[in-house]
>>> print(open('structure-v7.cif').read())   # mmCIF, C-alpha atoms
data_data
loop_
_atom_site.label_atom_id
_atom_site.label_comp_id
_atom_site.auth_asym_id
_atom_site.auth_seq_id
_atom_site.Cartn_x
_atom_site.Cartn_y
_atom_site.Cartn_z
CA MET A 285 19.97 -14.92 23.86
CA LYS A 286 17.18 -15.23 21.31
CA HIS A 287 17.30 -11.52 20.44
CA PHE A 288 21.11 -11.63 20.22
CA LEU A 289 20.91 -14.39 17.63
CA VAL A 290 18.34 -12.40 15.65
CA VAL A 291 20.66 -9.36 15.73
CA LEU A 292 23.60 -11.46 14.57
CA LEU A 293 21.60 -13.02 11.74
CA LEU A 294 20.38 -9.66 10.52
CA PHE A 295 23.87 -8.18 10.69
CA LEU A 296 25.24 -10.99 8.53
CA LEU A 297 22.38 -10.55 6.08
CA MET A 298 23.13 -6.86 5.81
CA GLN A 299 26.77 -7.59 5.02
CA GLU A 300 25.72 -10.10 2.37
CA LYS A 301 22.96 -8.07 0.75
CA GLY A 302 24.64 -4.67 0.86
CA PHE A 303 21.82 -3.07 2.81
CA LEU A 304 23.52 0.35 2.93
CA LEU A 305 21.48 2.60 0.66
CA GLN A 306 21.77 6.23 -0.30
CA VAL A 307 18.46 8.02 0.24
CA LYS A 308 17.45 11.47 1.42
CA ALA A 309 17.54 11.66 5.19
CA GLY A 310 15.09 13.19 7.57
CA ASP A 311 12.33 14.49 5.31
CA GLY A 312 9.72 11.94 6.40
CA PHE A 313 8.93 10.54 2.94
CA VAL A 314 8.92 6.78 2.47
CA ARG A 315 11.14 5.82 -0.45
CA THR A 316 12.55 2.64 -1.91
CA GLY A 317 16.09 1.34 -2.16
CA GLY A 318 16.25 -1.89 -4.10
CA ILE A 319 13.82 -4.36 -2.56
CA HIS A 320 13.31 -2.36 0.64
CA PHE A 321 11.33 0.62 1.81
CA MET A 322 13.37 3.35 3.48
CA LEU A 323 12.32 6.13 5.83
CA ASN A 324 14.67 8.85 7.06
CA ASN A 325 17.67 6.85 5.86
CA GLY A 326 16.62 3.70 7.70
CA PRO A 327 14.62 0.58 6.72
CA TYR A 328 10.84 0.79 6.94
CA TYR A 329 8.38 -1.99 7.74
CA ALA A 330 4.69 -1.43 8.35
CA ASN A 331 1.75 -3.30 9.75
CA GLY A 332 -1.40 -1.75 8.38
CA PHE A 333 -5.07 -1.78 7.54
CA ASN A 334 -7.66 -0.81 4.97
CA ALA A 335 -10.37 1.72 5.83
CA TYR A 336 -11.97 2.84 2.57
CA TRP A 337 -14.70 4.76 4.42
CA LEU A 338 -12.52 7.43 6.04
CA MET A 339 -13.16 10.35 3.64
CA TYR A 340 -16.83 9.46 3.26
CA VAL A 341 -17.43 9.56 7.02
CA ALA A 342 -15.21 12.61 7.59
CA SER A 343 -17.17 14.62 5.00
CA ASP A 344 -19.79 14.95 7.76
CA PRO A 345 -18.12 17.05 10.49
CA SER A 346 -20.38 15.54 13.16
CA GLN A 347 -18.93 12.07 12.40
CA ARG A 348 -15.23 12.95 12.35
CA SER A 349 -14.70 11.68 15.87
CA LYS A 350 -15.09 8.15 14.45
CA VAL A 351 -12.18 8.75 12.08
CA SER A 352 -10.10 9.98 15.02
CA ALA A 353 -11.13 6.94 17.07
CA ALA A 354 -10.11 4.55 14.29
CA PHE A 355 -6.65 6.11 13.99
CA ARG A 356 -6.23 6.19 17.76
CA GLU A 357 -7.15 2.53 18.14
CA ALA A 358 -4.97 1.54 15.18
CA SER A 359 -1.98 3.43 16.56
CA SER A 360 -2.39 1.80 19.97
CA HIS A 361 -2.00 -1.59 18.26
CA GLY A 362 1.14 -0.53 16.38
CA LEU A 363 -0.54 -0.06 13.00
CA THR A 364 1.30 2.54 10.96
CA VAL A 365 -0.16 2.45 7.41
CA ALA A 366 -3.75 2.92 6.25
CA ARG A 367 -5.04 2.45 2.71
CA THR A 368 -8.13 4.44 1.81
CA TRP A 369 -10.07 6.01 -1.06
CA ALA A 370 -9.23 9.43 -2.48
CA PHE A 371 -12.19 9.14 -4.85
CA ASN A 372 -15.96 9.18 -4.80
CA ASP A 373 -17.20 9.79 -8.31
CA GLY A 374 -20.85 10.82 -8.64
CA GLY A 375 -23.55 9.74 -6.21
CA TYR A 376 -24.06 10.61 -2.56
CA ARG A 377 -21.36 12.72 -0.87
CA ALA A 378 -19.37 12.65 -4.11
CA LEU A 379 -15.88 14.06 -4.13
CA GLN A 380 -16.07 14.58 -7.89
CA TYR A 381 -19.72 15.11 -8.87
CA ALA A 382 -18.94 15.84 -12.55
CA PRO A 383 -15.71 15.77 -14.55
CA GLY A 384 -13.46 18.37 -12.97
CA ALA A 385 -16.16 19.54 -10.52
CA TYR A 386 -15.49 18.89 -6.83
CA ASN A 387 -17.48 19.01 -3.61
CA GLU A 388 -15.45 21.14 -1.22
CA GLN A 389 -17.13 19.64 1.85
CA THR A 390 -16.06 16.13 0.84
CA PHE A 391 -12.57 17.34 -0.01
CA LYS A 392 -12.35 18.83 3.48
CA GLY A 393 -13.24 15.37 4.76
CA LEU A 394 -10.17 13.99 2.99
CA ASP A 395 -8.13 16.90 4.35
CA PHE A 396 -9.22 15.87 7.85
CA VAL A 397 -8.25 12.24 7.22
CA VAL A 398 -4.75 13.26 6.15
CA ALA A 399 -4.40 15.63 9.12
CA GLU A 400 -5.54 12.99 11.64
CA ALA A 401 -3.28 10.34 10.14
CA ARG A 402 -0.42 12.80 10.56
CA ARG A 403 -1.41 13.40 14.19
CA TYR A 404 -1.36 9.68 15.01
CA GLY A 405 1.83 8.86 13.09
CA ILE A 406 0.08 6.82 10.39
CA LYS A 407 1.14 6.87 6.75
CA LEU A 408 -1.52 6.77 4.02
CA ILE A 409 -1.83 4.94 0.72
CA LEU A 410 -4.41 6.94 -1.25
CA SER A 411 -6.21 5.19 -4.09
CA LEU A 412 -7.30 7.43 -6.98
CA ALA A 413 -10.04 5.39 -8.68
CA ASN A 414 -12.10 2.22 -8.41
CA ASN A 415 -12.45 -0.65 -10.83
CA TYR A 416 -15.91 -1.37 -9.46
CA GLU A 417 -19.15 0.63 -9.40
CA SER A 418 -18.89 1.37 -5.68
CA PHE A 419 -18.15 5.06 -5.22
CA GLY A 420 -18.50 5.60 -8.97
CA GLY A 421 -15.57 3.73 -10.37
CA LYS A 422 -14.57 3.38 -13.99
CA LYS A 423 -18.25 3.02 -14.97
CA GLN A 424 -18.99 6.57 -13.79
CA TYR A 425 -16.11 7.96 -15.86
CA VAL A 426 -17.37 6.11 -18.94
CA ASP A 427 -20.93 7.29 -18.33
CA TRP A 428 -19.71 10.89 -18.08
CA ALA A 429 -17.97 10.54 -21.44
CA ARG A 430 -21.05 8.96 -23.03
CA SER A 431 -23.19 11.85 -21.83
CA ARG A 432 -20.84 14.15 -23.72
CA GLY A 433 -21.11 12.33 -27.02
CA GLN A 434 -18.47 9.62 -26.79
CA TYR A 435 -19.50 6.23 -28.19
CA LEU A 436 -18.15 3.69 -25.71
CA SER A 437 -19.13 0.04 -25.80
CA SER A 438 -17.60 -1.12 -22.52
CA ASP A 439 -16.66 0.14 -19.08
CA ASP A 440 -13.18 -1.07 -20.01
CA ASP A 441 -12.99 1.92 -22.36
CA PHE A 442 -11.92 3.72 -19.19
CA PHE A 443 -8.45 2.42 -20.05
CA ARG A 444 -8.58 3.26 -23.77
CA ASN A 445 -10.65 6.38 -24.50
CA SER A 446 -8.70 9.65 -24.60
CA VAL A 447 -11.59 11.72 -23.19
CA VAL A 448 -12.01 9.39 -20.21
CA LYS A 449 -8.28 9.32 -19.63
CA GLY A 450 -8.33 13.09 -19.66
CA TYR A 451 -10.98 13.12 -16.92
CA TYR A 452 -8.88 10.73 -14.85
CA LYS A 453 -5.69 12.73 -15.35
CA ASN A 454 -7.53 15.82 -14.19
CA HIS A 455 -8.51 13.98 -11.02
CA ILE A 456 -4.89 12.98 -10.44
CA ARG A 457 -3.78 16.57 -10.92
CA THR A 458 -6.50 17.93 -8.64
CA VAL A 459 -5.78 15.55 -5.75
CA LEU A 460 -2.01 15.86 -5.93
CA ASN A 461 -2.23 19.67 -5.97
CA ARG A 462 -4.82 19.85 -3.20
CA TYR A 463 -4.10 22.39 -0.45
CA ASN A 464 -5.00 20.78 2.86
CA THR A 465 -7.29 23.15 4.75
CA PHE A 466 -6.24 21.64 8.10
CA THR A 467 -2.46 21.36 7.70
CA GLY A 468 -1.73 24.04 5.11
CA ILE A 469 0.37 21.54 3.13
CA LEU A 470 -0.15 20.52 -0.49
CA TYR A 471 -0.82 16.81 -0.74
CA MET A 472 2.15 16.37 -3.08
CA ASN A 473 4.40 17.83 -0.38
CA ASP A 474 3.00 15.91 2.60
CA PRO A 475 5.09 12.98 3.88
CA THR A 476 2.02 11.68 5.73
CA ILE A 477 1.09 10.20 2.36
CA MET A 478 3.24 7.14 1.73
CA ALA A 479 2.02 6.36 -1.78
CA TRP A 480 -0.55 6.92 -4.48
CA GLU A 481 -2.45 4.01 -5.98
CA LEU A 482 -3.60 4.28 -9.59
CA MET A 483 -6.73 2.17 -9.10
CA ASN A 484 -8.27 -0.27 -6.67
CA GLU A 485 -7.94 -3.68 -8.35
CA PRO A 486 -7.79 -2.65 -12.04
CA ARG A 487 -9.32 -5.23 -14.35
CA CYS A 488 -9.80 -5.27 -18.12
CA THR A 489 -11.58 -8.51 -19.00
CA SER A 490 -12.19 -7.32 -22.58
CA ASP A 491 -8.44 -7.65 -23.24
CA PRO A 492 -7.07 -10.72 -21.47
CA SER A 493 -3.76 -10.27 -23.34
CA GLY A 494 -2.91 -7.56 -20.80
CA ARG A 495 -1.79 -4.99 -23.40
CA THR A 496 -4.53 -2.49 -22.54
CA ILE A 497 -3.79 -2.39 -18.81
CA GLN A 498 -0.05 -2.33 -19.48
CA ALA A 499 -0.32 0.72 -21.74
CA TRP A 500 -2.62 2.49 -19.28
CA ILE A 501 -0.31 1.91 -16.32
CA MET A 502 2.66 3.16 -18.34
CA GLU A 503 0.80 6.32 -19.34
CA MET A 504 -0.64 7.09 -15.91
CA ALA A 505 2.51 6.27 -13.94
CA SER A 506 4.42 8.68 -16.14
CA TYR A 507 1.76 11.34 -15.61
CA VAL A 508 1.75 11.00 -11.81
CA LYS A 509 5.53 11.22 -11.69
CA SER A 510 5.51 14.30 -13.93
CA ILE A 511 3.63 16.08 -11.13
CA ASP A 512 4.91 14.45 -7.94
CA ARG A 513 8.36 12.99 -7.43
CA ASN A 514 8.09 12.98 -3.65
CA HIS A 515 5.75 10.04 -3.27
CA LEU A 516 5.81 6.38 -4.13
CA LEU A 517 3.35 4.96 -6.65
CA GLU A 518 1.77 1.54 -7.00
CA ALA A 519 -0.79 0.22 -9.48
CA GLY A 520 -3.34 -1.38 -7.12
CA LEU A 521 -2.95 -4.90 -8.51
CA GLU A 522 -4.35 -8.07 -6.99
CA GLY A 523 -1.36 -10.06 -8.23
CA PHE A 524 -2.74 -12.18 -11.07
CA TYR A 525 -0.07 -13.47 -13.44
CA GLY A 526 -0.16 -12.86 -17.18
CA GLN A 527 1.59 -13.60 -20.44
CA SER A 528 5.00 -12.35 -19.32
CA THR A 529 5.26 -15.31 -16.92
CA PRO A 530 3.35 -18.27 -18.40
CA GLN A 531 5.08 -20.56 -15.90
CA ARG A 532 3.20 -18.75 -13.12
CA THR A 533 -0.33 -18.58 -14.56
CA HIS A 534 -1.28 -21.94 -13.05
CA LEU A 535 -1.22 -20.17 -9.68
CA ASN A 536 -4.07 -17.86 -10.69
CA PRO A 537 -7.37 -18.86 -9.07
CA GLY A 538 -9.18 -19.38 -12.39
CA LEU A 539 -9.30 -15.67 -13.21
CA ASN A 540 -8.01 -13.96 -16.35
CA ILE A 541 -8.68 -10.28 -15.92
CA GLY A 542 -6.14 -8.62 -18.19
CA THR A 543 -3.44 -7.81 -15.63
CA ASP A 544 0.10 -9.12 -15.37
CA PHE A 545 1.83 -8.96 -11.99
CA VAL A 546 5.36 -8.95 -13.37
CA ALA A 547 4.95 -6.83 -16.53
CA ASN A 548 2.70 -4.26 -14.85
CA ASN A 549 5.04 -3.79 -11.89
CA ARG A 550 8.09 -3.47 -14.14
CA VAL A 551 6.70 -0.20 -15.49
CA PRO A 552 9.02 2.74 -14.73
CA GLY A 553 7.37 4.88 -12.10
CA ILE A 554 5.76 1.94 -10.30
CA ASP A 555 7.83 1.84 -7.14
CA PHE A 556 6.53 -1.25 -5.38
CA ALA A 557 4.31 -4.24 -6.00
CA THR A 558 1.07 -5.21 -4.31
CA VAL A 559 -0.72 -8.49 -3.90
CA HIS A 560 -4.19 -9.22 -2.53
CA SER A 561 -5.27 -12.54 -1.05
CA TYR A 562 -8.87 -13.72 -0.73
CA PRO A 563 -8.87 -17.52 -0.95
CA ASP A 564 -12.31 -17.63 0.70
CA ILE A 565 -13.72 -15.74 -2.31
CA TRP A 566 -11.49 -17.01 -5.10
CA LEU A 567 -11.73 -20.66 -3.98
CA SER A 568 -15.11 -20.54 -2.31
CA SER A 569 -15.89 -24.18 -3.09
CA SER A 570 -12.65 -25.44 -1.49
CA ASN A 571 -12.10 -26.38 2.13
CA ASP A 572 -10.04 -24.30 4.55
CA GLN A 573 -6.98 -26.50 4.15
CA SER A 574 -6.96 -26.02 0.38
CA GLN A 575 -7.45 -22.29 0.76
CA VAL A 576 -4.55 -21.99 3.19
CA SER A 577 -2.34 -24.05 0.89
CA PHE A 578 -3.24 -21.78 -2.02
CA MET A 579 -2.52 -18.66 -0.01
CA ASN A 580 0.90 -19.88 1.10
CA GLN A 581 1.92 -20.68 -2.48
CA TRP A 582 0.41 -17.41 -3.72
CA LEU A 583 2.37 -15.26 -1.29
CA ASP A 584 5.60 -17.25 -1.67
CA ALA A 585 5.52 -16.81 -5.45
CA HIS A 586 4.89 -13.08 -5.30
CA PHE A 587 7.56 -12.44 -2.69
CA GLN A 588 10.08 -14.40 -4.79
CA ASP A 589 9.14 -12.54 -7.95
CA ALA A 590 9.29 -9.17 -6.22
CA GLN A 591 12.84 -9.96 -5.14
CA TYR A 592 14.30 -11.72 -8.17
CA MET A 593 12.24 -10.51 -11.15
CA LEU A 594 11.16 -7.01 -10.12
CA GLY A 595 13.80 -5.93 -7.62
CA LYS A 596 11.15 -3.94 -5.76
CA PRO A 597 9.42 -4.14 -2.36
CA VAL A 598 6.01 -5.79 -2.09
CA MET A 599 3.08 -5.29 0.26
CA VAL A 600 0.10 -7.53 0.90
CA ALA A 601 -2.33 -4.66 0.33
CA GLU A 602 -5.51 -6.62 1.12
CA PHE A 603 -6.30 -9.84 2.93
CA GLY A 604 -8.97 -11.08 5.29
CA LYS A 605 -11.54 -13.71 6.14
CA SER A 606 -15.26 -13.08 6.16
CA SER A 607 -17.43 -13.86 9.16
CA LYS A 608 -20.14 -14.69 6.61
CA ASP A 609 -18.26 -17.82 5.51
CA SER A 610 -19.96 -21.02 6.58
CA GLY A 611 -18.40 -22.42 9.72
CA PHE A 612 -16.59 -19.16 10.47
CA SER A 613 -14.83 -18.86 13.79
CA ASN A 614 -12.52 -16.26 15.29
CA TYR A 615 -9.93 -19.01 15.63
CA GLU A 616 -9.90 -19.59 11.85
CA ARG A 617 -9.63 -15.87 11.16
CA ASP A 618 -6.78 -15.51 13.63
CA ALA A 619 -5.06 -18.50 12.02
CA LEU A 620 -5.27 -16.86 8.60
CA PHE A 621 -3.91 -13.57 9.96
CA ASN A 622 -1.06 -15.47 11.60
CA ASP A 623 -0.27 -17.26 8.33
CA VAL A 624 -0.10 -14.02 6.34
CA TYR A 625 1.87 -12.26 9.06
CA PHE A 626 4.34 -15.12 9.35
CA LYS A 627 5.03 -14.96 5.61
CA VAL A 628 5.71 -11.24 5.82
CA TYR A 629 7.82 -11.54 8.96
CA SER A 630 9.84 -14.42 7.57
CA SER A 631 10.62 -12.46 4.40
CA ALA A 632 11.47 -9.31 6.33
CA LYS A 633 13.79 -10.92 8.88
CA HIS A 634 15.76 -12.58 6.06
CA GLY A 635 16.19 -9.28 4.23
CA GLY A 636 13.48 -10.07 1.67
CA PRO A 637 11.10 -7.68 -0.13
CA ALA A 638 7.90 -8.13 1.91
CA ALA A 639 7.45 -5.05 4.07
CA GLY A 640 3.96 -5.37 5.53
CA ALA A 641 0.37 -6.50 5.21
CA LEU A 642 -2.86 -4.48 5.34
CA PHE A 643 -5.95 -6.36 6.50
CA TRP A 644 -9.43 -5.63 5.16
CA GLN A 645 -10.95 -3.79 6.94
CA LEU A 646 -10.71 -1.72 10.15
CA LEU A 647 -13.88 -0.27 11.67
CA THR A 648 -14.59 1.44 14.95
CA GLU A 649 -17.75 1.33 17.01
CA GLY A 650 -20.77 3.09 15.54
CA LEU A 651 -20.11 2.19 11.89
CA ASP A 652 -22.36 -0.84 11.54
CA SER A 653 -23.54 0.20 8.06
CA PHE A 654 -20.01 -0.46 6.75
CA ARG A 655 -19.84 -4.04 8.03
CA ASP A 656 -19.13 -6.47 5.19
CA GLY A 657 -18.09 -9.58 7.09
CA TYR A 658 -14.39 -8.75 6.93
CA GLU A 659 -14.50 -5.92 9.44
CA ILE A 660 -12.28 -5.87 12.51
CA VAL A 661 -13.40 -3.72 15.44
CA LEU A 662 -10.35 -3.96 17.67
CA SER A 663 -12.29 -3.38 20.89
CA GLN A 664 -14.69 -6.21 20.00
CA SER A 665 -12.14 -8.73 18.67
CA PRO A 666 -9.53 -9.15 21.41
CA SER A 667 -7.90 -12.30 20.02
CA THR A 668 -7.47 -10.82 16.53
CA ALA A 669 -6.35 -7.50 18.02
CA ASN A 670 -3.64 -9.39 19.90
CA VAL A 671 -2.46 -11.13 16.73
CA ILE A 672 -2.28 -7.73 15.00
CA ALA A 673 -0.38 -6.10 17.87
CA GLN A 674 2.14 -8.96 18.00
CA GLN A 675 2.92 -8.55 14.30
CA SER A 676 3.36 -4.80 14.78
CA TYR A 677 5.84 -5.49 17.58
CA LYS A 678 7.84 -8.01 15.54
CA LEU A 679 8.14 -5.74 12.51
CA ARG A 680 9.08 -2.82 14.75
CA LEU A 681 11.82 -4.96 16.31
CA ILE A 682 13.23 -5.89 12.89
CA GLN A 683 13.19 -2.23 11.89
CA LYS A 684 15.08 -1.20 15.03
CA ILE A 685 17.67 -3.94 14.59
CA PHE A 686 18.31 -3.12 10.93
CA THR A 687 18.53 0.60 11.73
CA ARG A 688 21.01 -0.04 14.53
CA MET A 689 23.16 -2.21 12.31
CA LEU A 690 23.06 0.37 9.52
CA ASN A 691 24.16 3.09 11.92
CA ILE A 692 27.06 0.93 13.10
CA LYS A 693 28.06 0.24 9.51
CA ARG A 694 27.87 3.93 8.60
CA TRP A 695 29.90 4.88 11.67
CA LYS A 696 32.62 2.37 10.78
CA ARG A 697 32.76 3.64 7.21
CA ALA A 698 32.97 7.24 8.39
CA ARG A 699 35.74 6.37 10.85
CA ALA A 700 37.66 4.52 8.15
CA ALA A 701 37.27 7.46 5.75
CA ARG A 702 38.50 9.85 8.44
CA GLY A 703 41.51 7.64 9.12
CA GLN A 704 42.36 7.57 5.41
CA TRP A 705 42.09 11.36 5.23
CA ILE A 706 44.43 11.75 8.23
CA ASP A 707 46.94 9.34 6.66
CA ARG A 708 46.86 11.24 3.36
CA ASN A 709 47.41 14.59 5.08
CA LYS A 710 50.13 13.65 7.57
CA GLY A 711 52.85 16.28 7.56
CA ARG A 712 50.81 18.63 5.36
CA HIS A 713 50.36 22.21 6.61
CA ILE A 714 46.62 22.97 7.02
CA GLY A 715 45.32 26.56 7.29
CA ASN A 716 47.15 29.91 7.34
#
>>> encode(input="structure-v7.cif", output="structure tokens")
Amino acid sequence: MKHFLVVLLLFLLMQEKGFLLQVKAGDGFVRTGGIHFMLNNGPYYANGFNAYWLMYVASDPSQRSKVSAAFREASSHGLTVARTWAFNDGGYRALQYAPGAYNEQTFKGLDFVVAEARRYGIKLILSLANNYESFGGKKQYVDWARSRGQYLSSDDDFFRNSVVKGYYKNHIRTVLNRYNTFTGILYMNDPTIMAWELMNEPRCTSDPSGRTIQAWIMEMASYVKSIDRNHLLEAGLEGFYGQSTPQRTHLNPGLNIGTDFVANNRVPGIDFATVHSYPDIWLSSSNDQSQVSFMNQWLDAHFQDAQYMLGKPVMVAEFGKSSKDSGFSNYERDALFNDVYFKVYSSAKHGGPAAGALFWQLLTEGLDSFRDGYEIVLSQSPSTANVIAQQSYKLRLIQKIFTRMLNIKRWKRARAARGQWIDRNKGRHIGN
């Protein structure tokens, strides 16, 4: 009875919201139609995870079994999207060790990641650069330009300097045109990749007006789309509000970092919005109740704005709770996961724009050096693993129901069209 009522509710929502969308069918690429993701002409919802370390580990062939194990464990818990780095600029095991110069062994590691994701039915969001110094980031790009005679006063010149932007565009072009040595498919033609991300958490504190980041996103989104029209693109934003929505800035957790959730995501070429949620970091001096209250308001606002101001889908691209927090317990972490998941599920089942959440971060056994307090090893965290699996099941159920209803609606429309054709051609001689 409960499932029947859910089916009925979703059917009525589909009638009201005009869920029937025209998209290419059967090619395996995730696309958007209004505020929803679509896959093979049906709605697409995804429970997912972050695993930034995948390429880095896979660049050592002797460690690739850990990448396979992570995908296998994720798939067994219904996880279908992974977000990871497609960059490592300078430093140890660099992908790009100098502007335009690439380490083939590391690139083969990324090839392996894409191939294994394909094998386990997991879509990838590949991030193309980092705001922070980890794995090089914008600082490495600026340092490269300085070493070649550019006078740059700030790491934020990554977003302004034409030489630096040229280096970054070359990286975009190189990754998108990469021939996968395992699958034989160019990255730009591989539906295993769900989306590209311009940068992990772009910030430009030297220009809090937001104009610098806005111009950069416009330029780079246009460039990506000039090469690759198959894949979705997102900016990598945390979700902080800016000058385009002054009525929303009070929701920001005391940070003004030069981004604007609404203006940045309105850029043509940006296909969906992202929001991150770390109340334990952003409101570290507040108690758990205050942090949960903040998170609920934060997600509600972004889901509403994605639907009514942007008209695009939204994903919670990062969230988590650190075991290093004072008084941490698995119960509190599970409660936070349940809160985030409930927000996503509630939006999805009512036909809203939220399509999934990606926790930070998934590890597998034998990767202790990557532990940061937020890690989830599914085999070692049974209660959290159960929460994750339950969300996967609920989103999968919604997807099946919407798909079934869409098929019924299409069938009825086709039958009606056929009846009209027969009526129009009654008595008419057909053929020789």
>>> atom_distance(input="structure-v7.cif", atom1="atom CA of Glu503 of chain A", atom2="atom CA of Lys423 of chain A")
19.8 Å
>>> closest_atom_pairs(input="structure-v7.cif", of="segment 497-613 of chain A", to="segment 311-335 of chain A", cutoff="6 Å", atoms="only C-alpha atoms", output="CSV")
residue,atom,partner,partner_atom,distance
A:Gly595,CA,A:Ile319,CA,5.3
A:Lys596,CA,A:Ile319,CA,4.2
A:Pro597,CA,A:Ile319,CA,4.4
>>> write_last_selection(input="structure-v7.cif", atoms="C-alpha atoms", output="CSV table (one decimal), keeping the file's coordinate frame")
chain,number,residue,atom,x,y,z
A,595,GLY,CA,13.8,-5.9,-7.6
A,596,LYS,CA,11.2,-3.9,-5.8
A,597,PRO,CA,9.4,-4.1,-2.4
>>> resolve_selection(input="structure-v7.cif", expression="the PyMOL selection byres ((chain A and resi 345) around 10)", output="JSON, numbers by chain")
{"A": [341, 342, 343, 344, 346, 347, 348, 349, 389, 390, 392, 393, 396]}
>>> write_last_selection(input="structure-v7.cif", atoms="C-alpha atoms", output="PDB file, in the coordinates of the input")
ATOM      1  CA  VAL A 341     -17.430   9.560   7.020  1.00  0.00           C
ATOM      2  CA  ALA A 342     -15.210  12.610   7.590  1.00  0.00           C
ATOM      3  CA  SER A 343     -17.170  14.620   5.000  1.00  0.00           C
ATOM      4  CA  ASP A 344     -19.790  14.950   7.760  1.00  0.00           C
ATOM      5  CA  SER A 346     -20.380  15.540  13.160  1.00  0.00           C
ATOM      6  CA  GLN A 347     -18.930  12.070  12.400  1.00  0.00           C
ATOM      7  CA  ARG A 348     -15.230  12.950  12.350  1.00  0.00           C
ATOM      8  CA  SER A 349     -14.700  11.680  15.870  1.00  0.00           C
ATOM      9  CA  GLN A 389     -17.130  19.640   1.850  1.00  0.00           C
ATOM     10  CA  THR A 390     -16.060  16.130   0.840  1.00  0.00           C
ATOM     11  CA  LYS A 392     -12.350  18.830   3.480  1.00  0.00           C
ATOM     12  CA  GLY A 393     -13.240  15.370   4.760  1.00  0.00           C
ATOM     13  CA  PHE A 396      -9.220  15.870   7.850  1.00  0.00           C
TER      14      PHE A 396
END
>>> axis_aligned_box(input="structure-v7.cif", around="segment 479-495 of chain A", padding_each_side="5 Å", output="JSON")
{"center_x": -5.1, "center_y": -1.9, "center_z": -12.6, "size_x": 24.2, "size_y": 27.6, "size_z": 31.6}
>>> resolve_selection(input="structure-v7.cif", expression="the PyMOL selection byres ((chain A and resi 447) around 12)", output="list in words")
Pro383, Tyr425, Val426, Asp427, Trp428, Ala429, Arg430, Ser431, Arg432, Gly433, Gln434, Tyr435, Leu436, Asp441, Phe442, Phe443, Arg444, Asn445, Ser446, Val448, Lys449, Gly450, Tyr451, Tyr452, Lys453 and Asn454 of chain A
>>> closest_residue(input="structure-v7.cif", among="A:Val598, A:Leu642, A:Val624, A:Met579", to="Arg367 of chain A", atoms="all atoms listed in the file")
A:Leu642
>>> atom_distance(input="structure-v7.cif", atom1="atom CA of Gly604 of chain A", atom2="atom CA of Thr476 of chain A")
25.3 Å
>>> resolve_selection(input="structure-v7.cif", expression="the PyMOL selection byres ((chain A and resi 489) around 10)", output="PyMOL selection string")
chain A and resi 440+486-488+490-494+496-497+539-543
>>> closest_residue(input="structure-v7.cif", among="A:Asn461, A:Trp500, A:Ser418, A:Ile409", to="Glu518 of chain A", atoms="only C-alpha atoms")
A:Ile409
